[in-house]
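Enquirer: Pasting start.cif here (mmCIF, C-alpha atoms):
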```cif
data_my_file
#
loop_
_atom_site.label_atom_id
_atom_site.label_comp_id
_atom_site.auth_asym_id
_atom_site.auth_seq_id
_atom_site.Cartn_x
_atom_site.Cartn_y
_atom_site.Cartn_z
CA MET A 6 62.90 -7.14 -6.24
CA TRP A 7 64.02 -3.93 -4.51
CA LYS A 8 66.81 -3.98 -1.93
CA GLY A 9 68.40 -0.97 -0.30
CA GLY A 10 66.51 1.27 -2.71
CA ARG A 11 67.95 -0.50 -5.75
CA PRO A 12 66.16 -2.83 -8.23
CA TYR A 13 67.40 -6.38 -8.78
CA TYR A 14 66.49 -9.31 -10.99
CA ARG A 15 66.13 -12.33 -8.68
CA ARG A 16 65.42 -15.91 -9.66
CA VAL A 17 65.97 -19.28 -8.00
CA ILE A 18 68.31 -21.59 -9.95
CA PRO A 19 66.84 -25.10 -10.43
CA GLU A 20 68.74 -27.46 -8.15
CA LYS A 21 69.94 -29.83 -10.88
CA TYR A 22 71.58 -26.96 -12.82
CA ARG A 23 73.36 -25.29 -9.89
CA GLY A 24 76.60 -27.08 -10.73
CA LEU A 25 76.82 -24.92 -13.85
CA TYR A 26 76.84 -21.78 -11.70
CA ASP A 27 79.38 -22.66 -9.00
CA ASP A 28 76.58 -24.13 -6.85
CA LYS A 29 74.81 -20.80 -6.48
CA THR A 30 71.15 -21.11 -5.46
CA VAL A 31 69.80 -17.88 -6.97
CA TRP A 32 70.55 -15.38 -9.69
CA LEU A 33 70.66 -11.88 -8.19
CA ILE A 34 71.59 -9.25 -10.75
CA PRO A 35 71.40 -5.45 -10.22
CA LEU A 36 69.35 -3.59 -12.83
CA GLU A 37 70.56 -0.35 -14.39
CA GLY A 38 67.46 0.87 -16.25
CA ARG A 39 65.46 3.98 -15.40
CA GLY A 40 61.69 3.69 -15.20
CA ASP A 41 59.38 0.68 -15.09
CA ALA A 42 59.49 -0.03 -18.83
CA ALA A 43 63.30 -0.06 -18.94
CA LEU A 44 63.55 -2.23 -15.83
CA GLN A 45 61.00 -4.69 -17.24
CA ALA A 46 62.89 -4.94 -20.53
CA GLU A 47 66.22 -5.45 -18.76
CA ALA A 48 64.77 -8.09 -16.44
CA ALA A 49 63.11 -9.78 -19.43
CA ALA A 50 66.49 -10.01 -21.15
CA HIS A 51 67.99 -11.76 -18.12
CA ALA A 52 64.95 -14.05 -17.92
CA HIS A 53 65.31 -14.94 -21.61
CA ARG A 54 68.98 -15.84 -21.16
CA HIS A 55 68.24 -18.04 -18.17
CA ASN A 56 65.24 -19.65 -19.87
CA GLN A 57 67.47 -20.49 -22.81
CA GLU A 58 70.21 -21.91 -20.60
CA ILE A 59 67.70 -24.13 -18.81
CA SER A 60 65.90 -25.24 -21.98
CA ASP A 61 69.24 -26.12 -23.61
CA HIS A 62 69.66 -28.82 -20.96
CA ASP A 63 66.07 -30.03 -20.66
CA ASP A 64 66.63 -32.82 -23.18
CA LEU A 65 69.81 -34.11 -21.48
CA ASN A 66 69.53 -37.18 -19.30
CA PRO A 67 71.03 -36.87 -15.77
CA ALA A 68 74.28 -38.62 -16.79
CA ALA A 69 74.81 -36.36 -19.82
CA LEU A 70 74.02 -33.27 -17.75
CA ALA A 71 76.52 -34.36 -15.09
CA ASP A 72 79.16 -34.87 -17.79
CA PHE A 73 78.52 -31.42 -19.19
CA ILE A 74 78.72 -29.80 -15.74
CA GLU A 75 82.07 -31.51 -15.16
CA ALA A 76 83.22 -30.27 -18.56
CA VAL A 77 82.31 -26.69 -17.68
CA ARG A 78 84.16 -26.95 -14.37
CA ALA A 79 87.21 -28.43 -16.06
CA GLU A 80 87.23 -25.64 -18.64
CA LYS A 81 87.17 -23.02 -15.88
CA GLU A 82 90.02 -24.69 -13.99
CA ASN A 83 92.29 -25.34 -16.97
CA PRO A 84 90.95 -23.89 -20.23
CA GLU A 85 94.13 -24.68 -22.18
CA ALA A 86 94.00 -28.43 -21.54
CA PHE A 87 90.27 -28.98 -21.58
CA THR A 88 89.04 -32.45 -22.47
CA PRO A 89 85.40 -33.28 -21.68
CA PRO A 90 85.07 -36.32 -19.36
CA ASN A 91 82.62 -37.96 -21.77
CA GLY A 92 85.48 -38.61 -24.20
CA GLY A 93 84.66 -35.70 -26.52
CA SER A 94 87.18 -33.57 -28.30
CA ARG A 95 88.03 -29.91 -28.27
CA LYS A 96 87.79 -29.97 -32.03
CA PHE A 97 84.75 -28.47 -33.72
CA TRP A 98 83.68 -29.36 -37.21
CA LYS A 99 82.81 -26.27 -39.21
CA ASP A 100 82.72 -25.61 -42.95
CA GLY A 101 84.00 -29.11 -43.64
CA LYS A 102 87.08 -28.76 -41.44
CA ALA A 103 88.02 -29.66 -37.89
CA HIS A 104 88.93 -26.52 -35.94
CA VAL A 105 91.11 -26.57 -32.83
CA GLY A 106 91.76 -23.47 -30.78
CA ALA A 107 90.17 -20.87 -28.53
CA TRP A 108 86.45 -21.18 -28.13
CA ALA A 109 83.83 -19.66 -25.86
CA VAL A 110 80.56 -21.26 -24.83
CA SER A 111 77.79 -19.17 -23.32
CA ASN A 112 74.07 -18.58 -23.67
CA ASP A 113 74.62 -14.85 -23.21
CA PRO A 114 74.60 -13.24 -26.69
CA ALA A 115 76.49 -10.17 -25.41
CA TYR A 116 79.29 -12.36 -24.07
CA ARG A 117 79.50 -14.31 -27.34
CA ARG A 118 79.83 -11.07 -29.29
CA ARG A 119 82.70 -9.90 -27.11
CA GLN A 120 84.53 -13.20 -27.42
CA ALA A 121 83.97 -13.41 -31.17
CA ALA A 122 85.45 -9.93 -31.52
CA GLU A 123 88.57 -11.28 -29.81
CA GLY A 124 88.84 -14.10 -32.33
CA ASP A 125 87.25 -16.93 -30.35
CA LEU A 126 84.83 -19.41 -31.86
CA ALA A 127 81.80 -18.30 -29.79
CA MET A 128 78.62 -20.38 -29.53
CA SER A 129 75.73 -21.30 -27.29
CA GLU A 130 75.82 -24.41 -25.13
CA ALA A 131 73.37 -26.16 -27.47
CA GLU A 132 75.59 -25.38 -30.46
CA ALA A 133 78.70 -26.56 -28.59
CA LEU A 134 77.10 -29.91 -27.81
CA ALA A 135 75.91 -30.25 -31.40
CA ARG A 136 79.39 -29.44 -32.75
CA LEU A 137 81.03 -31.96 -30.44
CA LYS A 138 78.55 -34.58 -31.61
CA LEU A 139 79.15 -33.74 -35.26
CA ALA A 140 82.95 -33.78 -34.77
CA GLU A 141 82.67 -37.23 -33.25
CA THR A 142 80.92 -38.56 -36.34
CA TYR A 143 83.91 -37.44 -38.46
CA THR A 144 86.70 -38.52 -36.10
CA THR A 145 85.38 -41.92 -35.00
CA PRO A 146 86.22 -44.74 -37.47
CA PRO A 147 82.83 -45.94 -38.78
CA ALA A 148 82.03 -49.63 -38.34
CA ASP A 149 79.04 -49.18 -40.63
CA PRO A 150 79.59 -46.47 -43.30
CA GLU A 151 75.85 -46.09 -44.02
CA LEU A 152 75.00 -45.73 -40.33
CA ALA A 153 77.86 -43.27 -39.86
CA GLU A 154 76.56 -41.16 -42.73
CA LEU A 155 73.07 -41.16 -41.22
CA ARG A 156 74.51 -40.11 -37.85
CA ALA A 157 76.45 -37.30 -39.47
CA PHE A 158 73.35 -36.10 -41.32
CA LYS A 159 71.33 -36.10 -38.10
CA ALA A 160 74.09 -34.32 -36.19
CA ASP A 161 74.32 -31.70 -38.93
CA LYS A 162 70.57 -31.03 -38.70
CA GLU A 163 70.81 -30.71 -34.93
CA LEU A 164 73.63 -28.23 -35.40
CA GLU A 165 71.56 -26.17 -37.83
CA ALA A 166 68.72 -26.07 -35.31
CA ALA A 167 71.11 -24.98 -32.55
CA ILE A 168 72.65 -22.23 -34.67
CA SER A 169 69.20 -20.87 -35.58
CA LYS A 170 68.68 -20.22 -31.86
CA ASN A 171 72.06 -18.63 -31.38
CA SER A 172 70.87 -15.07 -31.86
CA GLU A 173 69.13 -12.52 -29.72
CA THR A 174 65.35 -12.62 -29.38
CA VAL A 175 62.76 -9.89 -29.84
CA ILE A 176 62.79 -9.31 -26.08
CA SER A 177 66.47 -9.77 -25.26
CA ILE A 178 67.62 -7.16 -27.81
CA LEU A 179 65.42 -4.39 -26.38
CA PRO A 180 68.00 -2.97 -23.92
CA ARG A 181 70.62 -2.67 -26.69
CA TRP A 182 68.10 -0.94 -28.94
CA ARG A 183 67.15 1.61 -26.32
CA GLU A 184 70.77 2.26 -25.39
CA ARG A 185 71.50 3.31 -28.96
CA GLU A 186 68.30 5.17 -29.82
CA LYS A 187 67.59 6.81 -26.42
CA GLN A 188 63.81 6.92 -26.97
CA ALA A 189 61.60 9.02 -24.73
CA PRO A 190 59.99 7.06 -21.85
CA SER A 191 56.49 7.23 -23.36
CA THR A 192 57.76 6.08 -26.76
CA TRP A 193 59.83 3.31 -25.22
CA LYS A 194 56.85 2.05 -23.21
CA LYS A 195 54.95 1.55 -26.47
CA HIS A 196 57.92 -0.20 -28.10
CA VAL A 197 58.09 -2.66 -25.20
CA GLN A 198 54.33 -3.26 -25.41
CA TYR A 199 54.38 -3.90 -29.16
CA ALA A 200 57.51 -6.09 -28.99
CA ASN A 201 55.84 -8.29 -26.37
CA GLU A 202 52.63 -8.44 -28.44
CA PHE A 203 54.62 -9.48 -31.50
CA SER A 204 56.57 -12.16 -29.64
CA LYS A 205 53.60 -13.60 -27.73
CA LEU A 206 51.53 -13.87 -30.92
CA HIS A 207 54.02 -16.32 -32.41
CA VAL A 208 55.51 -18.21 -29.46
CA GLY A 209 53.26 -17.49 -26.49
CA ASP A 210 55.43 -17.34 -23.39
CA GLY A 211 58.46 -18.67 -25.28
CA GLU A 212 61.23 -16.73 -27.00
CA LEU A 213 60.98 -15.56 -30.63
CA TYR A 214 64.51 -15.60 -32.03
CA LEU A 215 65.35 -12.82 -34.46
CA SER A 216 66.96 -15.30 -36.84
CA GLU A 217 63.64 -17.16 -37.15
CA ILE A 218 61.49 -14.15 -38.06
CA THR A 219 60.14 -14.04 -41.60
CA LYS A 220 57.99 -11.61 -43.53
CA ARG A 221 55.03 -13.86 -42.78
CA HIS A 222 55.52 -13.28 -39.04
CA VAL A 223 55.24 -9.51 -39.57
CA GLN A 224 52.22 -9.80 -41.88
CA ASP A 225 50.46 -12.03 -39.36
CA TYR A 226 51.08 -9.43 -36.66
CA VAL A 227 49.53 -6.69 -38.78
CA GLU A 228 46.48 -8.87 -39.39
CA HIS A 229 46.32 -9.69 -35.68
CA ALA A 230 46.50 -6.00 -34.73
CA GLN A 231 43.41 -5.36 -36.84
CA THR A 232 41.44 -7.70 -34.56
CA LEU A 233 42.45 -5.85 -31.37
CA THR A 234 40.12 -3.38 -29.67
CA TYR A 235 40.51 -0.28 -27.53
CA ARG A 236 37.61 0.75 -25.29
CA GLY A 237 35.33 -1.60 -27.15
CA ALA A 238 36.18 -0.32 -30.63
CA PRO A 239 38.60 -1.82 -33.19
CA LEU A 240 42.02 -0.22 -33.38
CA SER A 241 42.23 2.56 -35.92
CA PRO A 242 44.41 2.05 -39.00
CA THR A 243 46.78 4.63 -37.49
CA SER A 244 47.22 2.52 -34.35
CA VAL A 245 47.87 -0.57 -36.45
CA ALA A 246 50.44 1.36 -38.49
CA LYS A 247 52.22 2.46 -35.30
CA ARG A 248 52.60 -1.17 -34.25
CA LEU A 249 54.05 -2.08 -37.63
CA ASP A 250 56.43 0.91 -37.51
CA SER A 251 57.65 -0.18 -34.08
CA VAL A 252 58.35 -3.77 -35.16
CA ARG A 253 59.99 -2.57 -38.38
CA ALA A 254 62.26 -0.21 -36.42
CA LEU A 255 63.26 -2.98 -33.99
CA LEU A 256 64.12 -5.36 -36.83
CA SER A 257 65.97 -2.58 -38.65
CA PHE A 258 68.15 -2.11 -35.57
CA ALA A 259 68.73 -5.89 -35.39
CA ALA A 260 69.90 -5.85 -39.00
CA SER A 261 72.16 -2.85 -38.37
CA VAL A 262 74.02 -4.72 -35.62
CA ASP A 263 74.27 -7.90 -37.73
CA GLU A 264 71.90 -10.00 -35.65
CA ILE A 265 69.96 -10.72 -38.85
CA ASP A 266 70.90 -10.45 -42.52
CA HIS A 267 68.01 -8.22 -43.54
CA ASN A 268 64.85 -6.59 -42.20
CA PRO A 269 61.94 -9.03 -42.81
CA ALA A 270 59.45 -6.21 -42.26
CA THR A 271 60.58 -4.47 -45.44
CA GLY A 272 57.68 -4.32 -47.89
CA VAL A 273 54.99 -5.09 -45.32
CA LYS A 274 52.31 -2.40 -45.43
CA ALA A 275 49.76 -1.28 -42.90
CA PRO A 276 46.08 -1.33 -43.93
CA LYS A 277 44.84 1.74 -45.78
CA ASP A 278 42.84 4.24 -43.77
CA ALA A 279 39.54 4.42 -45.67
CA ARG A 280 37.91 6.84 -43.24
CA PRO A 281 37.07 10.41 -44.32
CA LYS A 282 39.89 12.84 -43.64
CA THR A 283 37.82 14.62 -41.01
CA SER A 284 37.34 11.37 -39.10
CA ARG A 285 41.08 10.76 -38.97
CA SER A 286 41.83 13.93 -37.02
CA TRP A 287 38.72 14.58 -34.91
CA LYS A 288 35.64 12.89 -33.57
CA SER A 289 32.12 14.34 -33.32
CA PHE A 290 30.72 15.16 -29.87
CA GLU A 291 27.88 13.12 -28.48
CA PRO A 292 24.65 15.05 -27.59
CA GLU A 293 25.36 14.83 -23.87
CA GLU A 294 28.91 16.06 -24.44
CA ILE A 295 27.60 19.07 -26.36
CA LYS A 296 25.23 19.95 -23.49
CA LYS A 297 28.08 19.74 -21.01
CA LEU A 298 30.35 21.83 -23.23
CA VAL A 299 27.71 24.56 -23.62
CA LYS A 300 27.00 24.54 -19.87
CA VAL A 301 30.64 24.86 -18.85
CA SER A 302 31.50 27.46 -21.48
CA THR A 303 28.46 29.53 -20.47
CA GLU A 304 29.51 29.43 -16.83
CA LEU A 305 33.03 30.48 -17.76
CA TRP A 306 31.78 33.31 -19.96
CA ASN A 307 29.33 34.61 -17.36
CA GLY A 308 32.02 34.45 -14.69
CA ARG A 309 34.40 36.40 -16.90
CA ARG A 310 31.72 38.98 -17.77
CA ASN A 311 30.72 39.47 -14.14
CA SER A 312 34.37 39.87 -13.21
CA CYS A 313 34.81 42.55 -15.86
CA GLU A 314 31.71 44.40 -14.63
CA ARG A 315 32.98 44.38 -11.05
CA ARG A 316 36.35 45.77 -12.10
CA SER A 317 34.59 48.46 -14.15
CA ASN A 318 32.44 49.55 -11.19
CA THR A 319 35.46 49.90 -8.91
CA ARG A 320 37.42 52.20 -11.21
CA PRO A 321 37.74 55.80 -10.04
CA ARG A 322 35.66 58.28 -11.97
#
```
With the file now loaded, output its structure as structure tokens.

Expert:
Amino acid sequence: MWKGGRPYYRRVIPEKYRGLYDDKTVWLIPLEGRGDAALQAEAAAHAHRHNQEISDHDDLNPAALADFIEAVRAEKENPEAFTPPNGGSRKFWKDGKAHVGAWAVSNDPAYRRRQAAEGDLAMSEAEALARLKLAETYTTPPADPELAELRAFKADKELEAAISKNSETVISILPRWREREKQAPSTWKKHVQYANEFSKLHVGDGELYLSEITKRHVQDYVEHAQTLTYRGAPLSPTSVAKRLDSVRALLSFAASVDEIDHNPATGVKAPKDARPKTSRSWKSFEPEEIKKLVKVSTELWNGRRNSCERRSNTRPR
């Protein structure tokens, strides 16, 4: 929305989650981008973060959600003596050890990076819940060793799933990418278009996490691009290659800022351009186009010739 000549991201907070946000009813965040493409990417990043925060709590029953909201409030009021009201612990089980100390929970990847740089154990809300659950399986005396082992195994798998969604997504990382590379507006508009195409192909309206992308995802996108059309004709191999280059560059940036270990687009190739060299750089005129070209050029030439004749007749002799 625009207010006072300035763009804002505005979204109503679902009523049952408002306790997590100091009982606010809406998110209203000023946008800093320049141009429609930049504003859309920035708003999409906020939307992704809020979608993730909401989805992280979708599987919680009302009582569990209420407990978690109380835990968040307690942490804000007294972070040094935080003990969740559901009887959990501030200990987190990681790498086979129970860790106690500073920790930061947020679904905002940028915030987690800042806190991690300060030495905190930073994680998403889903990962925090999974770690608390896993810690409980190690700290609670088991009445049934076999059942306890099964619970620990399940909790560990839930933790792995939570960690896999702890990174940025294809859409949420776009503002950071542009801030570093400073692409021209026309180039950036194409990057946003291709990033959205790539994400929607694999998850529809969901969020494609960078940590989940494999080489197969990129290959599938290249194959998908070959089925697209422009003005009724299939995309040229050059257009397909541009899409691949854009996705490869985005993933290369993600790897450079340690969001992913490597670029999964490495080694993926665009289809070969089997057209004749002349067809790659120019296209033949249609008969009607030739007639129009001859007509216009003749009119221009005659006008120029008549103008020259008039100037010649007006010269002093």

Enquirer: Given the choices A:Ile34, A:Lys297, A:Thr234, A:Val227, which gets closest to Pro276 in chain A if the distance is worked out from all atoms listed in the file?

Expert: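 Going through A:Ile34, A:Lys297, A:Thr234, A:Val227 one by one, the smallest distance to Pro276 in chain A is for A:Val227.
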
Enquirer: Choose the residue, out of A:Val301, A:Leu44, A:Val223, A:Ala109, that has the smallest atom-to-atom separation from Thr271 in chain A; count only C-alpha atoms.

Expert: A:Val223

Enquirer: Just checking: using all atoms listed in the file, which residue out of A:Glu228, A:Leu233, A:Asp250, A:Lys159 ends up closest to Lys195 in chain A?

Expert: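 Going through A:Glu228, A:Leu233, A:Asp250, A:Lys159 one by one, the smallest distance to Lys195 in chain A is for A:Asp250.
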
Enquirer: For the structure shown, which residues end up in the PyMOL selection byres ((chain A and resi 252) around 9)? Put them as a PDB file with C-alpha atoms, keeping the file's coordinate frame, please?

Expert:
```pdb
ATOM      1  CA  HIS A 196      57.920  -0.200 -28.100  1.00  0.00           C
ATOM      2  CA  TYR A 199      54.380  -3.900 -29.160  1.00  0.00           C
ATOM      3  CA  ALA A 200      57.510  -6.090 -28.990  1.00  0.00           C
ATOM      4  CA  PHE A 203      54.620  -9.480 -31.500  1.00  0.00           C
ATOM      5  CA  VAL A 223      55.240  -9.510 -39.570  1.00  0.00           C
ATOM      6  CA  LYS A 247      52.220   2.460 -35.300  1.00  0.00           C
ATOM      7  CA  ARG A 248      52.600  -1.170 -34.250  1.00  0.00           C
ATOM      8  CA  LEU A 249      54.050  -2.080 -37.630  1.00  0.00           C
ATOM      9  CA  ASP A 250      56.430   0.910 -37.510  1.00  0.00           C
ATOM     10  CA  SER A 251      57.650  -0.180 -34.080  1.00  0.00           C
ATOM     11  CA  ARG A 253      59.990  -2.570 -38.380  1.00  0.00           C
ATOM     12  CA  ALA A 254      62.260  -0.210 -36.420  1.00  0.00           C
ATOM     13  CA  LEU A 255      63.260  -2.980 -33.990  1.00  0.00           C
ATOM     14  CA  LEU A 256      64.120  -5.360 -36.830  1.00  0.00           C
ATOM     15  CA  SER A 257      65.970  -2.580 -38.650  1.00  0.00           C
ATOM     16  CA  ALA A 270      59.450  -6.210 -42.260  1.00  0.00           C
TER      17      ALA A 270
END
```

Enquirer: Name the residues captured by the PyMOL selection byres ((chain A and resi 179) around 12) when it is applied to the shown file; answer as a PyMOL selection string.

Expert: chain A and resi 38+42-51+53+173-178+180-188+193-194+196-201+215+251-252+254-256+258-259

Enquirer: Rounded to one decimal place, report the CA of Thr232 in chain A-CA of Val208 in chain A distance in Å.

Expert: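 One can read the CA of Thr232 in chain A to CA of Val208 in chain A distance as 18.3 Å.
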
Enquirer: Suppose you want the space between CA of Glu37 in chain A and CA of Arg15 in chain A; what is it in Å?

Expert: 14.0 Å
